[in-house]
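Undergrad: Provided herewith: data12.pdb, PDB, C-alpha atoms and all ligand atoms.
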```
ATOM      1  CA  MET Q   1       0.000   0.000   0.000
ATOM      2  CA  ASP Q   2       1.165   3.524  -0.816
ATOM      3  CA  GLU Q   3       2.066   4.966   2.625
ATOM      4  CA  THR Q   4       1.504   8.547   1.450
ATOM      5  CA  LEU Q   5      -2.245   7.959   1.001
ATOM      6  CA  ASP Q   6      -4.532   9.896   3.342
ATOM      7  CA  ILE Q   7      -6.349   6.905   4.892
ATOM      8  CA  GLN Q   8      -8.757   9.032   6.958
ATOM      9  CA  ALA Q   9      -9.878  10.927   3.839
ATOM     10  CA  VAL Q  10     -10.327   7.657   1.907
ATOM     11  CA  LEU Q  11     -12.373   6.167   4.771
ATOM     12  CA  GLU Q  12     -14.634   9.225   4.947
ATOM     13  CA  ALA Q  13     -15.155   9.111   1.174
ATOM     14  CA  ALA Q  14     -15.928   5.374   1.477
ATOM     15  CA  ILE Q  15     -18.637   6.063   4.079
ATOM     16  CA  ALA Q  16     -20.134   8.787   1.862
ATOM     17  CA  GLU Q  17     -20.169   6.314  -1.046
ATOM     18  CA  GLY Q  18     -21.752   3.632   1.175
ATOM     19  CA  ARG Q  19     -24.564   5.988   2.182
ATOM     20  CA  GLN Q  20     -25.573   6.260  -1.487
ATOM     21  CA  VAL Q  21     -26.587   2.584  -1.629
ATOM     22  CA  LEU Q  22     -28.417   2.259   1.700
ATOM     23  CA  TYR Q  23     -31.777   2.619  -0.054
ATOM     24  CA  GLU Q  24     -31.130  -0.787  -1.703
ATOM     25  CA  GLY Q  25     -31.166  -2.708   1.590
ATOM     26  CA  ASN Q  26     -33.450  -3.665   4.461
ATOM     27  CA  VAL Q  27     -32.807  -4.226   8.158
ATOM     28  CA  ALA Q  28     -33.148  -7.921   9.168
ATOM     29  CA  ASP Q  29     -36.478  -8.635  10.860
ATOM     30  CA  TYR Q  30     -36.623 -12.431  11.026
ATOM     31  CA  ILE Q  31     -35.145 -12.035  14.504
ATOM     32  CA  PRO Q  32     -37.707  -9.454  15.768
ATOM     33  CA  GLU Q  33     -35.284  -7.590  18.032
ATOM     34  CA  LEU Q  34     -32.908  -6.877  15.111
ATOM     35  CA  ALA Q  35     -35.635  -4.869  13.356
ATOM     36  CA  LYS Q  36     -35.112  -2.120  15.958
ATOM     37  CA  ALA Q  37     -31.696  -1.103  14.535
ATOM     38  CA  ALA Q  38     -31.444   2.470  13.194
ATOM     39  CA  PRO Q  39     -31.575   1.877   9.419
ATOM     40  CA  GLY Q  40     -29.491   4.905   8.453
ATOM     41  CA  SER Q  41     -26.449   3.885  10.506
ATOM     42  CA  LEU Q  42     -23.167   3.395   8.679
ATOM     43  CA  GLY Q  43     -19.674   3.454  10.091
ATOM     44  CA  GLY Q  44     -16.226   2.060   9.593
ATOM     45  CA  CYS Q  45     -12.878   1.677  11.296
ATOM     46  CA  LEU Q  46      -9.450   0.728  10.054
ATOM     47  CA  ILE Q  47      -6.528  -0.077  12.369
ATOM     48  CA  LYS Q  48      -2.894  -0.260  11.273
ATOM     49  CA  PRO Q  49      -0.507  -2.669  13.036
ATOM     50  CA  ASP Q  50       1.283   0.267  14.666
ATOM     51  CA  GLY Q  51      -1.998   0.921  16.503
ATOM     52  CA  THR Q  52      -3.122   3.949  14.463
ATOM     53  CA  VAL Q  53      -6.937   4.025  14.384
ATOM     54  CA  TYR Q  54      -8.931   5.617  11.535
ATOM     55  CA  ALA Q  55     -12.660   5.872  12.195
ATOM     56  CA  ALA Q  56     -15.676   7.511  10.561
ATOM     57  CA  GLY Q  57     -19.461   7.512  10.836
ATOM     58  CA  ASP Q  58     -21.149   5.152  13.305
ATOM     59  CA  TYR Q  59     -17.992   3.190  14.153
ATOM     60  CA  ASP Q  60     -18.767   3.064  17.890
ATOM     61  CA  ILE Q  61     -22.431   1.926  17.843
ATOM     62  CA  PRO Q  62     -22.716  -1.565  19.395
ATOM     63  CA  PHE Q  63     -24.591  -4.241  17.436
ATOM     64  CA  THR Q  64     -24.841  -8.010  17.748
ATOM     65  CA  MET Q  65     -22.175  -9.829  15.797
ATOM     66  CA  GLN Q  66     -24.518 -12.627  14.615
ATOM     67  CA  SER Q  67     -22.696 -14.769  12.057
ATOM     68  CA  ILE Q  68     -19.344 -13.091  12.679
ATOM     69  CA  SER Q  69     -19.426 -15.236  15.852
ATOM     70  CA  LYS Q  70     -18.884 -18.239  13.532
ATOM     71  CA  THR Q  71     -15.226 -17.255  13.103
ATOM     72  CA  PHE Q  72     -14.641 -16.966  16.876
ATOM     73  CA  SER Q  73     -16.437 -20.256  17.627
ATOM     74  CA  LEU Q  74     -14.358 -21.970  14.946
ATOM     75  CA  ILE Q  75     -11.170 -20.674  16.584
ATOM     76  CA  LEU Q  76     -12.357 -21.933  19.981
ATOM     77  CA  ALA Q  77     -13.352 -25.345  18.596
ATOM     78  CA  LEU Q  78      -9.984 -25.717  16.819
ATOM     79  CA  GLN Q  79      -8.161 -24.681  20.006
ATOM     80  CA  THR Q  80     -10.058 -27.106  22.259
ATOM     81  CA  ALA Q  81     -10.963 -30.068  20.014
ATOM     82  CA  GLY Q  82      -8.307 -29.871  17.284
ATOM     83  CA  PHE Q  83      -8.342 -29.695  13.497
ATOM     84  CA  ASN Q  84      -8.982 -33.387  12.772
ATOM     85  CA  ARG Q  85     -11.933 -33.650  15.149
ATOM     86  CA  VAL Q  86     -13.632 -30.480  13.935
ATOM     87  CA  PHE Q  87     -13.180 -31.278  10.248
ATOM     88  CA  SER Q  88     -14.412 -34.827  10.714
ATOM     89  CA  LYS Q  89     -17.753 -33.156  11.487
ATOM     90  CA  VAL Q  90     -17.878 -30.223   9.067
ATOM     91  CA  GLY Q  91     -16.504 -29.618   5.555
ATOM     92  CA  MET Q  92     -14.408 -26.844   3.977
ATOM     93  CA  GLU Q  93     -16.361 -26.270   0.770
ATOM     94  CA  PRO Q  94     -18.314 -23.132  -0.192
ATOM     95  CA  THR Q  95     -22.028 -23.532  -0.861
ATOM     96  CA  GLY Q  96     -24.113 -21.595  -3.320
ATOM     97  CA  ASP Q  97     -27.004 -21.781  -0.885
ATOM     98  CA  ARG Q  98     -28.455 -19.385   1.673
ATOM     99  CA  PHE Q  99     -26.763 -19.183   5.082
ATOM    100  CA  ASP Q 100     -29.691 -20.939   6.800
ATOM    101  CA  SER Q 101     -30.308 -23.556   4.102
ATOM    102  CA  ILE Q 102     -31.404 -27.069   5.009
ATOM    103  CA  LEU Q 103     -31.240 -28.313   1.429
ATOM    104  CA  GLN Q 104     -27.802 -29.948   1.469
ATOM    105  CA  LEU Q 105     -28.374 -31.654   4.825
ATOM    106  CA  GLU Q 106     -30.978 -33.810   3.173
ATOM    107  CA  LEU Q 107     -29.162 -34.298  -0.146
ATOM    108  CA  LYS Q 108     -25.717 -35.013   1.295
ATOM    109  CA  ASP Q 109     -25.641 -37.838   3.734
ATOM    110  CA  TRP Q 110     -23.119 -36.608   6.206
ATOM    111  CA  HIS Q 111     -21.784 -33.211   7.281
ATOM    112  CA  PRO Q 112     -22.582 -29.541   6.607
ATOM    113  CA  PHE Q 113     -20.493 -27.923   3.867
ATOM    114  CA  ASN Q 114     -18.516 -25.430   5.976
ATOM    115  CA  PRO Q 115     -18.329 -23.737   9.419
ATOM    116  CA  MET Q 116     -19.582 -20.357   8.126
ATOM    117  CA  ILE Q 117     -23.170 -21.420   7.383
ATOM    118  CA  ASN Q 118     -25.660 -21.965  10.221
ATOM    119  CA  ALA Q 119     -25.634 -25.787  10.010
ATOM    120  CA  GLY Q 120     -21.830 -25.838  10.064
ATOM    121  CA  ALA Q 121     -21.617 -23.362  12.938
ATOM    122  CA  ILE Q 122     -24.070 -25.398  15.035
ATOM    123  CA  VAL Q 123     -21.875 -28.477  14.514
ATOM    124  CA  VAL Q 124     -18.756 -26.426  15.345
ATOM    125  CA  SER Q 125     -20.460 -25.190  18.546
ATOM    126  CA  SER Q 126     -21.024 -28.813  19.574
ATOM    127  CA  CYS Q 127     -17.289 -29.482  19.112
ATOM    128  CA  ILE Q 128     -16.150 -26.844  21.652
ATOM    129  CA  ARG Q 129     -14.565 -28.519  24.672
ATOM    130  CA  ALA Q 130     -14.872 -26.330  27.756
ATOM    131  CA  LYS Q 131     -16.553 -26.429  31.142
ATOM    132  CA  ASP Q 132     -18.382 -23.215  30.354
ATOM    133  CA  PRO Q 133     -18.198 -22.831  26.549
ATOM    134  CA  PHE Q 134     -19.933 -19.437  26.427
ATOM    135  CA  ASP Q 135     -17.648 -17.997  29.085
ATOM    136  CA  GLU Q 136     -14.582 -19.178  27.135
ATOM    137  CA  PHE Q 137     -16.085 -17.730  23.952
ATOM    138  CA  LEU Q 138     -16.651 -14.334  25.590
ATOM    139  CA  LYS Q 139     -13.101 -14.295  26.987
ATOM    140  CA  LEU Q 140     -11.728 -15.023  23.511
ATOM    141  CA  VAL Q 141     -13.834 -12.300  21.866
ATOM    142  CA  ARG Q 142     -12.794  -9.739  24.475
ATOM    143  CA  LYS Q 143      -9.126 -10.591  24.017
ATOM    144  CA  LEU Q 144      -9.194 -10.606  20.204
ATOM    145  CA  CYS Q 145     -11.104  -7.298  20.113
ATOM    146  CA  ALA Q 146      -9.031  -5.799  22.980
ATOM    147  CA  ASN Q 147     -12.215  -4.745  24.761
ATOM    148  CA  ASP Q 148     -13.052  -6.158  28.209
ATOM    149  CA  SER Q 149     -16.500  -4.580  28.301
ATOM    150  CA  ILE Q 150     -17.915  -6.698  25.435
ATOM    151  CA  SER Q 151     -21.073  -8.504  26.584
ATOM    152  CA  MET Q 152     -24.194 -10.280  25.344
ATOM    153  CA  ASN Q 153     -27.424  -8.501  24.382
ATOM    154  CA  GLU Q 154     -30.077 -10.341  26.431
ATOM    155  CA  ARG Q 155     -33.013  -9.049  24.382
ATOM    156  CA  VAL Q 156     -31.561 -10.224  21.057
ATOM    157  CA  TYR Q 157     -30.656 -13.568  22.627
ATOM    158  CA  TYR Q 158     -34.214 -14.190  23.882
ATOM    159  CA  SER Q 159     -35.682 -12.913  20.632
ATOM    160  CA  GLU Q 160     -33.641 -15.388  18.575
ATOM    161  CA  LYS Q 161     -34.177 -18.214  21.056
ATOM    162  CA  GLN Q 162     -37.931 -17.720  20.699
ATOM    163  CA  SER Q 163     -38.042 -17.188  16.951
ATOM    164  CA  GLY Q 164     -35.163 -19.411  15.782
ATOM    165  CA  THR Q 165     -37.263 -22.307  14.553
ATOM    166  CA  ARG Q 166     -35.205 -22.776  11.392
ATOM    167  CA  ASN Q 167     -31.965 -23.169  13.365
ATOM    168  CA  ARG Q 168     -33.840 -25.497  15.703
ATOM    169  CA  ALA Q 169     -34.881 -27.600  12.698
ATOM    170  CA  ILE Q 170     -31.260 -27.704  11.474
ATOM    171  CA  ALA Q 171     -29.976 -28.789  14.898
ATOM    172  CA  TYR Q 172     -32.540 -31.576  15.203
ATOM    173  CA  ILE Q 173     -31.659 -32.906  11.730
ATOM    174  CA  LEU Q 174     -27.978 -32.858  12.734
ATOM    175  CA  MET Q 175     -28.801 -34.701  15.951
ATOM    176  CA  ASN Q 176     -30.914 -37.247  14.081
ATOM    177  CA  ASP Q 177     -28.023 -37.910  11.679
ATOM    178  CA  HIS Q 178     -25.494 -38.256  14.562
ATOM    179  CA  ILE Q 179     -23.373 -35.379  13.300
ATOM    180  CA  LEU Q 180     -23.295 -33.308  16.504
ATOM    181  CA  ASP Q 181     -20.211 -33.835  18.654
ATOM    182  CA  GLY Q 182     -19.431 -33.889  22.366
ATOM    183  CA  GLU Q 183     -21.206 -34.990  25.518
ATOM    184  CA  TRP Q 184     -24.198 -32.669  25.339
ATOM    185  CA  GLU Q 185     -27.233 -33.832  27.276
ATOM    186  CA  ASP Q 186     -29.676 -31.904  25.145
ATOM    187  CA  VAL Q 187     -29.530 -30.488  21.616
ATOM    188  CA  GLU Q 188     -31.257 -27.375  23.025
ATOM    189  CA  ASP Q 189     -28.075 -26.646  25.012
ATOM    190  CA  ILE Q 190     -26.052 -26.492  21.774
ATOM    191  CA  LEU Q 191     -28.638 -24.163  20.240
ATOM    192  CA  ASP Q 192     -28.581 -22.027  23.366
ATOM    193  CA  LEU Q 193     -24.799 -21.649  23.053
ATOM    194  CA  TYR Q 194     -25.144 -20.790  19.340
ATOM    195  CA  PHE Q 195     -27.835 -18.136  20.025
ATOM    196  CA  ARG Q 196     -25.781 -16.633  22.853
ATOM    197  CA  MET Q 197     -22.660 -16.389  20.702
ATOM    198  CA  CYS Q 198     -24.643 -14.652  17.909
ATOM    199  CA  SER Q 199     -25.957 -12.121  20.464
ATOM    200  CA  VAL Q 200     -22.601 -10.781  21.635
ATOM    201  CA  MET Q 201     -22.315  -7.066  20.953
ATOM    202  CA  VAL Q 202     -19.363  -5.411  19.245
ATOM    203  CA  THR Q 203     -18.602  -2.161  17.420
ATOM    204  CA  ALA Q 204     -16.925  -1.629  14.051
ATOM    205  CA  LYS Q 205     -13.828  -0.625  16.008
ATOM    206  CA  ASP Q 206     -13.837  -3.944  17.945
ATOM    207  CA  LEU Q 207     -14.090  -5.825  14.642
ATOM    208  CA  ALA Q 208     -11.239  -3.810  13.128
ATOM    209  CA  HIS Q 209      -9.006  -4.796  16.054
ATOM    210  CA  TYR Q 210      -9.998  -8.466  15.662
ATOM    211  CA  ALA Q 211      -9.306  -8.359  11.918
ATOM    212  CA  MET Q 212      -5.930  -6.745  12.613
ATOM    213  CA  VAL Q 213      -4.963  -9.647  14.920
ATOM    214  CA  LEU Q 214      -5.953 -12.108  12.162
ATOM    215  CA  ALA Q 215      -3.965 -10.022   9.656
ATOM    216  CA  ASN Q 216      -0.913 -10.438  11.922
ATOM    217  CA  ASP Q 217      -1.129 -14.244  12.121
ATOM    218  CA  GLY Q 218      -2.755 -14.257  15.556
ATOM    219  CA  ILE Q 219      -0.426 -11.744  17.232
ATOM    220  CA  ASP Q 220      -1.907  -8.542  18.645
ATOM    221  CA  PRO Q 221       0.730  -6.119  17.324
ATOM    222  CA  THR Q 222      -0.198  -3.521  19.936
ATOM    223  CA  THR Q 223       0.812  -5.860  22.816
ATOM    224  CA  GLY Q 224       2.982  -8.469  21.063
ATOM    225  CA  GLU Q 225       0.832 -11.276  22.483
ATOM    226  CA  GLN Q 226       0.240 -14.375  20.335
ATOM    227  CA  ILE Q 227      -3.469 -14.994  20.991
ATOM    228  CA  VAL Q 228      -4.174 -17.609  18.308
ATOM    229  CA  THR Q 229      -1.663 -19.873  16.545
ATOM    230  CA  PRO Q 230      -0.756 -19.035  12.916
ATOM    231  CA  ASP Q 231      -2.067 -22.484  11.848
ATOM    232  CA  ILE Q 232      -5.557 -21.774  13.202
ATOM    233  CA  VAL Q 233      -5.549 -18.229  11.798
ATOM    234  CA  ARG Q 234      -4.640 -19.582   8.351
ATOM    235  CA  VAL Q 235      -7.569 -22.021   8.434
ATOM    236  CA  VAL Q 236     -10.047 -19.388   9.609
ATOM    237  CA  LYS Q 237      -8.914 -16.743   7.081
ATOM    238  CA  THR Q 238      -9.099 -19.250   4.225
ATOM    239  CA  LEU Q 239     -12.660 -20.192   5.154
ATOM    240  CA  MET Q 240     -13.552 -16.489   5.490
ATOM    241  CA  LEU Q 241     -12.289 -15.908   1.957
ATOM    242  CA  LEU Q 242     -14.145 -18.910   0.523
ATOM    243  CA  CYS Q 243     -17.380 -18.836   2.547
ATOM    244  CA  GLY Q 244     -17.487 -15.735   4.781
ATOM    245  CA  MET Q 245     -20.052 -13.848   2.697
ATOM    246  CA  TYR Q 246     -22.296 -16.896   2.096
ATOM    247  CA  ASP Q 247     -23.665 -17.272  -1.423
ATOM    248  CA  GLU Q 248     -22.060 -13.953  -2.339
ATOM    249  CA  SER Q 249     -18.534 -15.085  -1.371
ATOM    250  CA  GLY Q 250     -17.288 -15.576  -4.949
ATOM    251  CA  GLU Q 251     -18.500 -12.220  -6.260
ATOM    252  CA  TYR Q 252     -17.224 -10.462  -3.144
ATOM    253  CA  ALA Q 253     -13.788 -12.124  -3.495
ATOM    254  CA  VAL Q 254     -13.520 -10.961  -7.113
ATOM    255  CA  LYS Q 255     -14.529  -7.398  -6.275
ATOM    256  CA  VAL Q 256     -12.972  -6.926  -2.826
ATOM    257  CA  GLY Q 257     -10.378  -9.682  -2.403
ATOM    258  CA  LEU Q 258     -10.161  -9.716   1.409
ATOM    259  CA  PRO Q 259     -10.975 -12.581   3.829
ATOM    260  CA  SER Q 260     -14.156 -11.237   5.432
ATOM    261  CA  LYS Q 261     -17.111 -12.272   7.574
ATOM    262  CA  SER Q 262     -20.536 -10.710   7.733
ATOM    263  CA  GLY Q 263     -23.453 -10.949  10.145
ATOM    264  CA  VAL Q 264     -27.148 -10.057   9.866
ATOM    265  CA  GLY Q 265     -26.629  -7.469  12.616
ATOM    266  CA  GLY Q 266     -24.945  -5.435   9.845
ATOM    267  CA  GLY Q 267     -21.284  -5.973  10.716
ATOM    268  CA  ILE Q 268     -18.452  -7.081   8.442
ATOM    269  CA  CYS Q 269     -14.830  -7.607   9.416
ATOM    270  CA  ALA Q 270     -12.160  -7.762   6.725
ATOM    271  CA  VAL Q 271      -8.513  -8.785   6.950
ATOM    272  CA  ALA Q 272      -6.133  -6.674   4.838
ATOM    273  CA  PRO Q 273      -2.901  -8.143   3.442
ATOM    274  CA  ASN Q 274      -0.575  -5.525   4.977
ATOM    275  CA  GLY Q 275      -1.455  -6.229   8.613
ATOM    276  CA  MET Q 276      -4.419  -3.837   8.755
ATOM    277  CA  GLY Q 277      -7.854  -4.709  10.105
ATOM    278  CA  ILE Q 278     -11.165  -3.289   8.893
ATOM    279  CA  GLY Q 279     -14.547  -3.290  10.656
ATOM    280  CA  VAL Q 280     -17.773  -1.810   9.289
ATOM    281  CA  PHE Q 281     -21.361  -1.543  10.467
ATOM    282  CA  GLY Q 282     -24.552  -0.805   8.526
ATOM    283  CA  PRO Q 283     -27.725  -2.741   9.437
ATOM    284  CA  LYS Q 284     -29.397  -2.506   6.020
ATOM    285  CA  LEU Q 285     -28.772  -5.829   4.289
ATOM    286  CA  ASN Q 286     -28.914  -7.055   0.714
ATOM    287  CA  LYS Q 287     -30.827 -10.203  -0.311
ATOM    288  CA  LYS Q 288     -27.900 -12.434   0.641
ATOM    289  CA  GLY Q 289     -27.916 -11.121   4.228
ATOM    290  CA  ASN Q 290     -24.807  -8.920   3.903
ATOM    291  CA  SER Q 291     -24.613  -5.205   4.826
ATOM    292  CA  VAL Q 292     -25.160  -3.184   1.611
ATOM    293  CA  GLY Q 293     -23.451  -0.056   2.896
ATOM    294  CA  GLY Q 294     -20.739  -2.071   4.628
ATOM    295  CA  GLU Q 295     -19.836  -3.949   1.462
ATOM    296  CA  LYS Q 296     -19.628  -0.706  -0.464
ATOM    297  CA  VAL Q 297     -17.335   0.822   2.169
ATOM    298  CA  ILE Q 298     -14.977  -2.171   2.116
ATOM    299  CA  GLN Q 299     -14.977  -2.336  -1.669
ATOM    300  CA  TYR Q 300     -14.100   1.380  -1.829
ATOM    301  CA  LEU Q 301     -11.261   0.917   0.690
ATOM    302  CA  SER Q 302      -9.930  -2.124  -1.155
ATOM    303  CA  SER Q 303      -9.806  -0.375  -4.514
ATOM    304  CA  HIS Q 304      -8.609   3.051  -3.330
ATOM    305  CA  LEU Q 305      -5.950   1.689  -0.955
ATOM    306  CA  GLY Q 306      -4.967  -1.207  -3.260
ATOM    307  CA  LEU Q 307      -5.801  -3.929  -0.727
ATOM    308  CA  HIS Q 308      -7.117  -6.755  -2.962
ATOM    309  CA  MET Q 309      -5.021  -9.733  -1.839
ATOM    310  CA  LEU Q 310      -4.488 -10.917  -5.415
ATOM    311  CA  SER Q 311      -3.476  -7.548  -6.837
ATOM    312  CA  ASP Q 312      -0.168  -5.668  -6.953
ATOM    313  CA  GLY Q 313      -0.901  -3.418  -3.945
ATOM    314  CA  LYS Q 314      -1.645  -0.374  -6.119
ATOM    315  CA  PRO Q 315      -5.037   1.381  -6.103
ATOM    316  CA  TYR Q 316      -7.269  -0.099  -8.796
ATOM    317  CA  LYS Q 317     -10.492   0.823 -10.531
ATOM    318  CA  SER Q 318     -13.362  -0.672  -8.608
ATOM    319  CA  ILE Q 319     -15.845  -2.955 -10.389
ATOM    320  CA  ALA Q 320     -19.289  -1.718  -9.364
ATOM    321  CA  PHE Q 321     -21.527  -3.950  -7.222
TER     322      PHE Q 321
HETATM  323  O1  LIG Q 401     -28.621 -17.936  13.008
HETATM  324  C1  LIG Q 401     -29.028 -16.884  12.546
HETATM  325  O2  LIG Q 401     -29.895 -16.856  11.693
HETATM  326  C2  LIG Q 401     -28.394 -15.587  13.018
HETATM  327  N1  LIG Q 401     -28.146 -15.634  14.426
HETATM  328  C3  LIG Q 401     -27.112 -15.338  12.316
HETATM  329  C4  LIG Q 401     -27.230 -15.352  10.802
HETATM  330  C5  LIG Q 401     -26.338 -14.405  10.118
HETATM  331  O3  LIG Q 401     -25.763 -13.518  10.691
HETATM  332  C6  LIG Q 401     -26.267 -14.529   8.664
HETATM  333  N2  LIG Q 401     -25.529 -13.415   8.131
HETATM  334  N3  LIG Q 401     -25.382 -12.733   7.289
END
```
If you convert what's in this file into structure tokens, what do you get?

TA:
Amino acid sequence: MDETLDIQAVLEAAIAEGRQVLYEGNVADYIPELAKAAPGSLGGCLIKPDGTVYAAGDYDIPFTMQSISKTFSLILALQTAGFNRVFSKVGMEPTGDRFDSILQLELKDWHPFNPMINAGAIVVSSCIRAKDPFDEFLKLVRKLCANDSISMNERVYYSEKQSGTRNRAIAYILMNDHILDGEWEDVEDILDLYFRMCSVMVTAKDLAHYAMVLANDGIDPTTGEQIVTPDIVRVVKTLMLLCGMYDESGEYAVKVGLPSKSGVGGGICAVAPNGMGIGVFGPKLNKKGNSVGGEKVIQYLSSHLGLHMLSDGKPYKSIAF
């Protein structure tokens, strides 16, 4: 990346560009509590490995991380159960299906395609080995985001627990097919853990810090601490690149070229190749369940700062979404 670029100015221009497309999206309402998000919100944050923070718009509004939790739960499952165990239960292949699809569970006779879709994440949750899995999850999130005040949103948790019949259906199919792992007494306990993890609140700034740690192979460059091993980070970033934006992952990789993960709360975190982390928030979603404004912001940053991981590091002309 050209170090003379004015990153703050580029970020502000990216947010302005993102605001232009907000009319195309809608706030998620299938979890009733999510429908209360302010639809016009849009913010972003970018952190360099030397600790410099660039922030604009609604970068400090907390929102529930939803599917972004799938990357943290995968890290925790790999740390506690190991690579072979986890990937004996879930695959590594992208799907062209919706994030909450049940289709392949019936057509394929064994495991969900990957840990980034709901079925895969429910299996991954069952793999976590810990006395108090949610407590370990929260500790990991706080550490990777460098924010000890991160907590769960009780209202969103109850709202999803009450309305999450589709995830409940997925979990019961997985139980029926003996795919769930561990010594769980009740499949409802695995679902409860999954719903809790989705309901943890973060800001775009928290996500930028997390993405920066992933960009630095699991080391927090601001403290020097190795939080996650490079092997686990490599696995997680690869799956983010291939499957992190669901059935939009291919198009997003062509246009943005950064391992990323989205959530229906409106967040996206993106790992830049030069050790930088990016976090964005905009609750209006496109039809695939990804933040419309957030995608635009990241695409603008990637092209104007030359971040596409398969390009030469020079700014490039963005292909419109
Ligand atoms: O399981 C669900 O449906 C939500 N808790 C999470 C889904 C999600 O974030 C999909 N993202 N784009």

Undergrad: Determine the residue membership of the PyMOL selection byres (((chain Q and resi 225-242) around 10) and not hetatm) for the file above and supply it as a ChimeraX atom specification.

TA: /Q:68,70-72,74-76,78-79,82-83,92-95,114-116,140,143-144,211,213-224,243-250,252-253,257-262,269-271

Undergrad: Evaluate the PyMOL selection byres (((chain Q and resi 169-181) around 7) and not hetatm) here and jot the selected residues down as a list of chain:residue names.

TA: Q:Lys89, Q:Ile102, Q:His111, Q:Ala119, Q:Ile122, Q:Val123, Q:Ser126, Q:Cys127, Q:Thr165, Q:Arg166, Q:Asn167, Q:Arg168, Q:Gly182, Q:Val187

Undergrad: What do you get as a PyMOL selection string if you pick all residues at most 7 Å from ligand LIG 401 (chain Q), counting all atoms listed in the file?

TA: chain Q and resi 66-68+99-100+118+160+167+195+198+262-265+289-290

Undergrad: Mind working out the centre and edge lengths of an axis-aligned box for range 219-234 of chain Q, all listed atoms inside, 8 Å added to each side, rounded to one decimal in Å and written as AutoDock Vina command-line options?

TA:
```
--center_x -1.3 --center_y -13.0 --center_z 15.6 --size_x 24.5 --size_y 35.0 --size_z 30.5
```

Undergrad: Here is a test: counting all atoms listed in the file, which residue of Q:Leu5, Q:Val156, Q:Val297, Q:Cys145 is nearest to Ile31 in chain Q?

TA: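 Among the listed residues, the smallest separation from Ile31 in chain Q belongs to Q:Val156.
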
Undergrad: Measuring atom to atom with all atoms listed in the file, identify which of Q:Gln104, Q:Ser125, Q:Ser163, Q:Ser199 is nearest to Ile150 in chain Q.

TA: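 Ranked by minimum distance to Ile150 in chain Q, first place goes to Q:Ser199.
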
Undergrad: Give the answer as one residue: which of Q:His209, Q:Lys131, Q:Lys296, Q:Arg142 has the shortest atom-to-atom distance to Glu17 in chain Q, using all atoms listed in the file?

TA: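 Ranked by minimum distance to Glu17 in chain Q, first place goes to Q:Lys296.
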
Undergrad: Could you tell me which residues the PyMOL selection byres (((chain Q and resi 137) around 8) and not hetatm) returns for this structure, as number ranges by chain?

TA: Q: 72-73, 76, 133-136, 138-141, 197

Undergrad: Could you please determine the separation between CA of Gly164 in chain Q and CA of Asp192 in chain Q in Å, to one decimal place?

TA: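 According to the coordinates, CA of Gly164 in chain Q and CA of Asp192 in chain Q are separated by 10.4 Å.
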